[in-house]
Amino acid sequence: MARQLDAATREALVERVRFYRDLGLTEFYRRPVDAALLAAEADETQSAPVYTEAQPPIARPNFFGEEPAISARKSITAPPEIGGAVPASDRAAALQIIRDELGDCTRCALHKGRNKLVFADGDPNARLMFVGEGPGADEDAQGLPFVGRAGQLLNNMIAAMGLKREQVYIANVVKCRPPGNRTPEPDEANTCTPFLFRQIDVVRPQVLVALGATAATYLLGHRQPLAGLRGRVHAFRGMQLIVTYHPAFLLRDPRQKKEAWADLQMAMKELGLSKAATSR
Ligand code: URA
């Protein structure tokens with residue numbers, strides 16, 4: 001009987017299979033195998049000439065009919081990084097390098113309506129990191145994430161966990177305010193997230209909290225209703241990812257705060273934080 005994998009191992013495997021799929025390797029085991037071709041392969045292998053470096057292989061018969069159309073090789077990204085940490089003493093400098101590389105960014109259309117680019121806020125050595133969607137009007141004006149009404153609520157959530165805002169690291173999927181606070185378009189988010197991923201890899205928090213569906217979608221790499229993502233710990237690049245509601249949503253529907261608090265308690269458990277006495 002097949003062994004039941006625990007959720008974390010399963011997630012890690014899914015991530016790895018996704019990586020191999022990106023390399024185009026799925027075809028190897030998905031293509032139906034023709035028994036006659038296998039037999040022909042075996043015959044050929046038995047009489048296969050021995051090649052040396054100086055002697056290029058002779059063109060082999062093409063068992064698949066026409067000359068194979070060899071598509072351009074895809075650019076290959078590194079497999080998900082596990083444990084490749086920047087030393088704690090170098091993290092602030094490493095983050096500054098990422099900020100400098102962003103510069104006066106014009107990589108996507110969001111820069112046109114931007115007042116200030118919002119890079120991040122908090123401790124480069126934080127064990128807990130929050131990822132939101134994108135700056136709103138207050139954040140755009142101040143150049144800091146989560147400083148408006150939603151930010152006030154996030155500060156309260158952090159305090160309820162027994163932490164100070166300065167002890168965590170906060171960033172967003174996009175670093176420039178989308179017009180009218182709309183959800184970032186995929187091309188905007190995809191242009192910006194490589195920088196977020198680099199920030200995450202430098203800080204390497206133990207626990208990442210995705211605030212809302214946009215953060216969850218771009219961190220996990222697939223869209224799924226929030227309900228299916230909440231309530232469990234996802235394996236994410238060697239870290240633990242927890243998905244919860246966005247504070248702006250909680251401002252609109254405060255009844256969901258109880259659910260969000262359950263998510264935060266899960267994060268606290270992973271971090272070994274005791275249940276805070278502070279009120280929610
Ligand atoms: N909402 C977000 O997602 N991020 C912010 O920085 C502010 C509000």
# chains A, B, ... in the order shown; residues from 1 in each chain; ligands from 1
$ closest_atom_pairs --of "chain A" --to "ligand 1" --cutoff "6 Å" --atoms "only C-alpha atoms and all ligand atoms" --output "CSV"
residue,atom,partner,partner_atom_place_in_ligand_line,distance
A:Gly132,CA,ligand 1,3 (O),3.8
A:Glu133,CA,ligand 1,3 (O),3.5
A:Gly134,CA,ligand 1,4 (N),4.3
A:Pro135,CA,ligand 1,6 (O),4.1
A:Gly136,CA,ligand 1,7 (C),5.1
A:Glu139,CA,ligand 1,6 (O),5.8
A:Pro145,CA,ligand 1,6 (O),3.5
A:Phe146,CA,ligand 1,6 (O),3.8
A:Ala150,CA,ligand 1,8 (C),5.7
A:Asn172,CA,ligand 1,4 (N),5.7
$ write_last_selection --atoms "N, CA and C atoms" --output "PDB file, in the first residue's frame"
ATOM      1  N   GLY A 132       2.123  41.332   1.987  1.00  0.00           N
ATOM      2  CA  GLY A 132       0.819  41.860   1.571  1.00  0.00           C
ATOM      3  C   GLY A 132       0.725  41.928   0.060  1.00  0.00           C
ATOM      4  N   GLU A 133      -0.256  42.693  -0.413  1.00  0.00           N
ATOM      5  CA  GLU A 133      -0.515  42.746  -1.859  1.00  0.00           C
ATOM      6  C   GLU A 133       0.275  43.871  -2.541  1.00  0.00           C
ATOM      7  N   GLY A 134       0.037  45.081  -2.089  1.00  0.00           N
ATOM      8  CA  GLY A 134       0.709  46.227  -2.694  1.00  0.00           C
ATOM      9  C   GLY A 134       0.372  47.481  -1.923  1.00  0.00           C
ATOM     10  N   PRO A 135       1.183  48.531  -2.086  1.00  0.00           N
ATOM     11  CA  PRO A 135       0.961  49.760  -1.321  1.00  0.00           C
ATOM     12  C   PRO A 135      -0.390  50.399  -1.637  1.00  0.00           C
ATOM     13  N   GLY A 136      -0.973  51.029  -0.623  1.00  0.00           N
ATOM     14  CA  GLY A 136      -2.146  51.874  -0.813  1.00  0.00           C
ATOM     15  C   GLY A 136      -1.696  53.329  -0.798  1.00  0.00           C
ATOM     16  N   GLU A 139       0.800  54.272   2.076  1.00  0.00           N
ATOM     17  CA  GLU A 139       2.099  53.642   1.879  1.00  0.00           C
ATOM     18  C   GLU A 139       2.849  54.333   0.731  1.00  0.00           C
ATOM     19  N   PRO A 145       5.511  50.005   3.949  1.00  0.00           N
ATOM     20  CA  PRO A 145       4.331  49.135   3.829  1.00  0.00           C
ATOM     21  C   PRO A 145       3.453  49.189   5.073  1.00  0.00           C
ATOM     22  N   PHE A 146       2.193  48.994   4.864  1.00  0.00           N
ATOM     23  CA  PHE A 146       1.208  48.850   5.956  1.00  0.00           C
ATOM     24  C   PHE A 146       1.311  49.959   7.006  1.00  0.00           C
ATOM     25  N   ALA A 150      -5.206  49.543   7.317  1.00  0.00           N
ATOM     26  CA  ALA A 150      -4.891  48.106   7.325  1.00  0.00           C
ATOM     27  C   ALA A 150      -3.602  47.864   8.103  1.00  0.00           C
ATOM     28  N   ASN A 172       5.596  43.494   0.222  1.00  0.00           N
ATOM     29  CA  ASN A 172       4.400  43.309  -0.609  1.00  0.00           C
ATOM     30  C   ASN A 172       4.741  42.584  -1.908  1.00  0.00           C
TER      31      ASN A 172
END
$ residues_around --residues "stretch 220-231 of chain A" --least-positions-apart "5" --cutoff "8 Å" --atoms "only C-alpha atoms" --output "list in words"
Gly212, Ala213, Phe236, Ile242, Val243, Thr244, Tyr245, Ala262, Asp263 and Met266 of chain A
$ select_by_dssp --residues "stretch 42-261 of chain A" --states "strand (DSSP E)" --output "list in words"
Asp121, Gly122, Leu128, Met129, Phe130, Val131, Gly132, Tyr169, Ile170, Ala171, Asn172, Val207, Leu208, Val209, Ala210, Leu211, His234, Ala235, Phe236, Met239, Gln240, Leu241, Ile242, Val243 and Thr244 of chain A
$ write_last_selection --atoms "N, CA and C atoms" --output "compact mmCIF listing (two decimals), in the first residue's frame"
# COMPACT_ATOMS: atom_id res chain seq x y z
N ASP A 121 9.78 46.97 5.30
CA ASP A 121 10.01 47.58 6.61
C ASP A 121 10.31 46.47 7.60
N GLY A 122 11.17 46.75 8.56
CA GLY A 122 11.37 45.80 9.64
C GLY A 122 12.78 45.25 9.75
N LEU A 128 9.90 36.13 11.53
CA LEU A 128 8.53 36.17 11.01
C LEU A 128 8.42 37.28 9.96
N MET A 129 7.86 36.93 8.82
CA MET A 129 7.71 37.92 7.74
C MET A 129 6.26 37.91 7.25
N PHE A 130 5.76 39.09 6.97
CA PHE A 130 4.42 39.23 6.40
C PHE A 130 4.55 39.73 4.96
N VAL A 131 3.71 39.17 4.10
CA VAL A 131 3.68 39.64 2.70
C VAL A 131 2.26 40.07 2.36
N GLY A 132 2.12 41.33 1.99
CA GLY A 132 0.82 41.86 1.57
C GLY A 132 0.72 41.93 0.06
N TYR A 169 9.47 41.40 9.55
CA TYR A 169 9.81 42.01 8.27
C TYR A 169 8.54 42.02 7.43
N ILE A 170 8.28 43.14 6.79
CA ILE A 170 7.01 43.30 6.04
C ILE A 170 7.32 43.76 4.61
N ALA A 171 6.72 43.09 3.65
CA ALA A 171 6.89 43.48 2.24
C ALA A 171 5.60 43.17 1.49
N ASN A 172 5.60 43.49 0.22
CA ASN A 172 4.40 43.31 -0.61
C ASN A 172 4.74 42.58 -1.91
N VAL A 207 9.02 31.68 9.53
CA VAL A 207 7.60 31.64 9.13
C VAL A 207 7.27 32.86 8.28
N LEU A 208 6.59 32.58 7.18
CA LEU A 208 6.09 33.64 6.30
C LEU A 208 4.57 33.63 6.41
N VAL A 209 3.97 34.80 6.55
CA VAL A 209 2.51 34.86 6.56
C VAL A 209 2.06 35.62 5.31
N ALA A 210 1.30 34.94 4.46
CA ALA A 210 0.74 35.58 3.27
C ALA A 210 -0.58 36.23 3.67
N LEU A 211 -0.65 37.53 3.47
CA LEU A 211 -1.87 38.27 3.84
C LEU A 211 -2.77 38.38 2.62
N HIS A 234 2.28 25.42 4.91
CA HIS A 234 2.80 25.02 3.60
C HIS A 234 4.33 25.06 3.64
N ALA A 235 4.95 24.09 2.97
CA ALA A 235 6.41 24.13 2.81
C ALA A 235 6.72 25.13 1.71
N PHE A 236 7.63 26.06 1.97
CA PHE A 236 7.92 27.10 0.99
C PHE A 236 9.41 27.42 1.02
N MET A 239 11.05 27.16 4.07
CA MET A 239 10.44 27.91 5.18
C MET A 239 9.01 27.40 5.39
N GLN A 240 8.33 27.97 6.38
CA GLN A 240 6.95 27.59 6.62
C GLN A 240 6.06 28.76 6.21
N LEU A 241 5.07 28.47 5.42
CA LEU A 241 4.18 29.53 4.94
C LEU A 241 2.77 29.30 5.47
N ILE A 242 2.23 30.35 6.05
CA ILE A 242 0.86 30.30 6.56
C ILE A 242 0.05 31.38 5.84
N VAL A 243 -1.14 31.02 5.44
CA VAL A 243 -1.99 31.94 4.68
C VAL A 243 -3.12 32.42 5.59
N THR A 244 -3.35 33.73 5.58
CA THR A 244 -4.48 34.25 6.34
C THR A 244 -5.15 35.40 5.58
$ residues_around --residues "A:Thr193" --least-positions-apart "3" --cutoff "12 Å" --atoms "only C-alpha atoms" --output "PDB file with C-alpha atoms, in the first residue's frame"
ATOM      1  CA  LEU A 102      15.378  48.174  -8.127  1.00  0.00           C
ATOM      2  CA  ARG A 107       9.959  47.772 -15.192  1.00  0.00           C
ATOM      3  CA  CYS A 108       6.146  47.802 -15.237  1.00  0.00           C
ATOM      4  CA  PHE A 119      10.446  48.285  -0.571  1.00  0.00           C
ATOM      5  CA  VAL A 131       3.683  39.640   2.702  1.00  0.00           C
ATOM      6  CA  GLY A 132       0.819  41.860   1.571  1.00  0.00           C
ATOM      7  CA  GLU A 133      -0.515  42.746  -1.859  1.00  0.00           C
ATOM      8  CA  GLY A 134       0.709  46.227  -2.694  1.00  0.00           C
ATOM      9  CA  ALA A 171       6.892  43.484   2.243  1.00  0.00           C
ATOM     10  CA  ASN A 172       4.400  43.309  -0.609  1.00  0.00           C
ATOM     11  CA  VAL A 173       3.891  41.434  -3.875  1.00  0.00           C
ATOM     12  CA  VAL A 174       4.244  44.718  -5.804  1.00  0.00           C
ATOM     13  CA  LYS A 175       6.276  47.679  -4.682  1.00  0.00           C
ATOM     14  CA  CYS A 176       4.281  50.423  -6.368  1.00  0.00           C
ATOM     15  CA  PRO A 184      -1.982  43.963  -9.368  1.00  0.00           C
ATOM     16  CA  PRO A 186      -0.238  39.304 -13.442  1.00  0.00           C
ATOM     17  CA  ASP A 187       2.449  41.017 -15.547  1.00  0.00           C
ATOM     18  CA  GLU A 188       2.981  43.609 -12.807  1.00  0.00           C
ATOM     19  CA  ALA A 189       3.168  40.997 -10.064  1.00  0.00           C
ATOM     20  CA  ASN A 190       5.388  38.697 -12.118  1.00  0.00           C
ATOM     21  CA  LEU A 196      10.323  39.847  -3.275  1.00  0.00           C
ATOM     22  CA  PHE A 197      11.685  36.319  -3.563  1.00  0.00           C
ATOM     23  CA  ARG A 198      15.219  37.635  -3.243  1.00  0.00           C
ATOM     24  CA  GLN A 199      14.202  39.600  -0.137  1.00  0.00           C
ATOM     25  CA  ILE A 200      12.674  36.437   1.313  1.00  0.00           C
ATOM     26  CA  THR A 214      -2.813  37.860  -3.957  1.00  0.00           C
ATOM     27  CA  ALA A 215       0.142  37.192  -1.656  1.00  0.00           C
ATOM     28  CA  THR A 217      -1.157  33.147  -5.162  1.00  0.00           C
ATOM     29  CA  TYR A 218       2.201  34.677  -6.047  1.00  0.00           C
ATOM     30  CA  LEU A 219       4.104  33.006  -3.231  1.00  0.00           C
ATOM     31  CA  LEU A 220       2.705  29.545  -3.864  1.00  0.00           C
ATOM     32  CA  GLY A 221       2.674  29.960  -7.638  1.00  0.00           C
TER      33      GLY A 221
END
$ residues_around --residues "A:Arg91" --least-positions-apart "5" --cutoff "9 Å" --atoms "only C-alpha atoms" --output "PDB file with N, CA and C atoms, in the first residue's frame"
ATOM      1  N   VAL A  86      22.041  33.932   3.851  1.00  0.00           N
ATOM      2  CA  VAL A  86      23.023  35.014   3.950  1.00  0.00           C
ATOM      3  C   VAL A  86      23.300  35.174   5.450  1.00  0.00           C
ATOM      4  N   GLN A  96      19.919  45.912   0.902  1.00  0.00           N
ATOM      5  CA  GLN A  96      20.203  47.215   0.275  1.00  0.00           C
ATOM      6  C   GLN A  96      20.631  47.031  -1.182  1.00  0.00           C
ATOM      7  N   PRO A 124      15.834  42.867   9.222  1.00  0.00           N
ATOM      8  CA  PRO A 124      16.375  41.941   8.212  1.00  0.00           C
ATOM      9  C   PRO A 124      16.651  40.545   8.772  1.00  0.00           C
ATOM     10  N   ASN A 125      16.703  40.427  10.106  1.00  0.00           N
ATOM     11  CA  ASN A 125      16.941  39.111  10.721  1.00  0.00           C
ATOM     12  C   ASN A 125      15.678  38.542  11.356  1.00  0.00           C
ATOM     13  N   VAL A 202      16.964  36.359   1.425  1.00  0.00           N
ATOM     14  CA  VAL A 202      17.962  37.002   2.293  1.00  0.00           C
ATOM     15  C   VAL A 202      17.507  36.925   3.749  1.00  0.00           C
ATOM     16  N   VAL A 203      16.280  37.324   4.016  1.00  0.00           N
ATOM     17  CA  VAL A 203      15.790  37.341   5.406  1.00  0.00           C
ATOM     18  C   VAL A 203      15.653  35.907   5.926  1.00  0.00           C
TER      19      VAL A 203
END
$ select_by_dssp --residues "stretch 44-263 of chain A" --states "helix (DSSP H, G or I)" --output "JSON, numbers by chain"
{"A": [44, 45, 46, 88, 89, 90, 91, 92, 93, 94, 95, 96, 97, 98, 99, 100, 101, 102, 109, 110, 111, 112, 113, 137, 138, 139, 140, 141, 142, 149, 150, 151, 152, 153, 154, 155, 156, 157, 158, 159, 160, 165, 166, 167, 179, 180, 181, 186, 187, 188, 189, 190, 191, 192, 193, 194, 195, 196, 197, 198, 199, 200, 201, 202, 203, 213, 214, 215, 216, 217, 218, 219, 220, 226, 227, 228, 229, 247, 248, 249, 250, 251, 252, 254, 255, 256, 257, 258, 259, 260, 261, 262, 263]}
$ closest_residue --among "A:Ala248, A:Ala159, A:Ala93, A:Cys192" --to "A:Thr106" --atoms "only C-alpha atoms"
A:Cys192
$ residues_around --residues "A:Gly148" --least-positions-apart "4" --cutoff "12 Å" --atoms "only C-alpha atoms" --output "list in words"
Pro135, Gly136, Ala137, Asp138, Glu139, Asp140, Ala141, Gln142, Gly143, Leu144, Gln152, Leu153, Leu154, Asn155, Pro247, Ala248 and Leu251 of chain A
$ residues_around --residues "A:Ile158" --least-positions-apart "6" --cutoff "9 Å" --atoms "only C-alpha atoms" --output "ChimeraX atom specification"
/A:164-165,168,264
$ write_last_selection --atoms "C-alpha atoms" --output "tab-separated table (two decimals), in the first residue's frame"
chain	number	residue	atom	x	y	z
A	164	LYS	CA	6.69	44.46	18.08
A	165	ARG	CA	6.41	45.60	14.47
A	168	VAL	CA	9.14	41.35	11.97
A	264	LEU	CA	-1.66	33.64	13.69
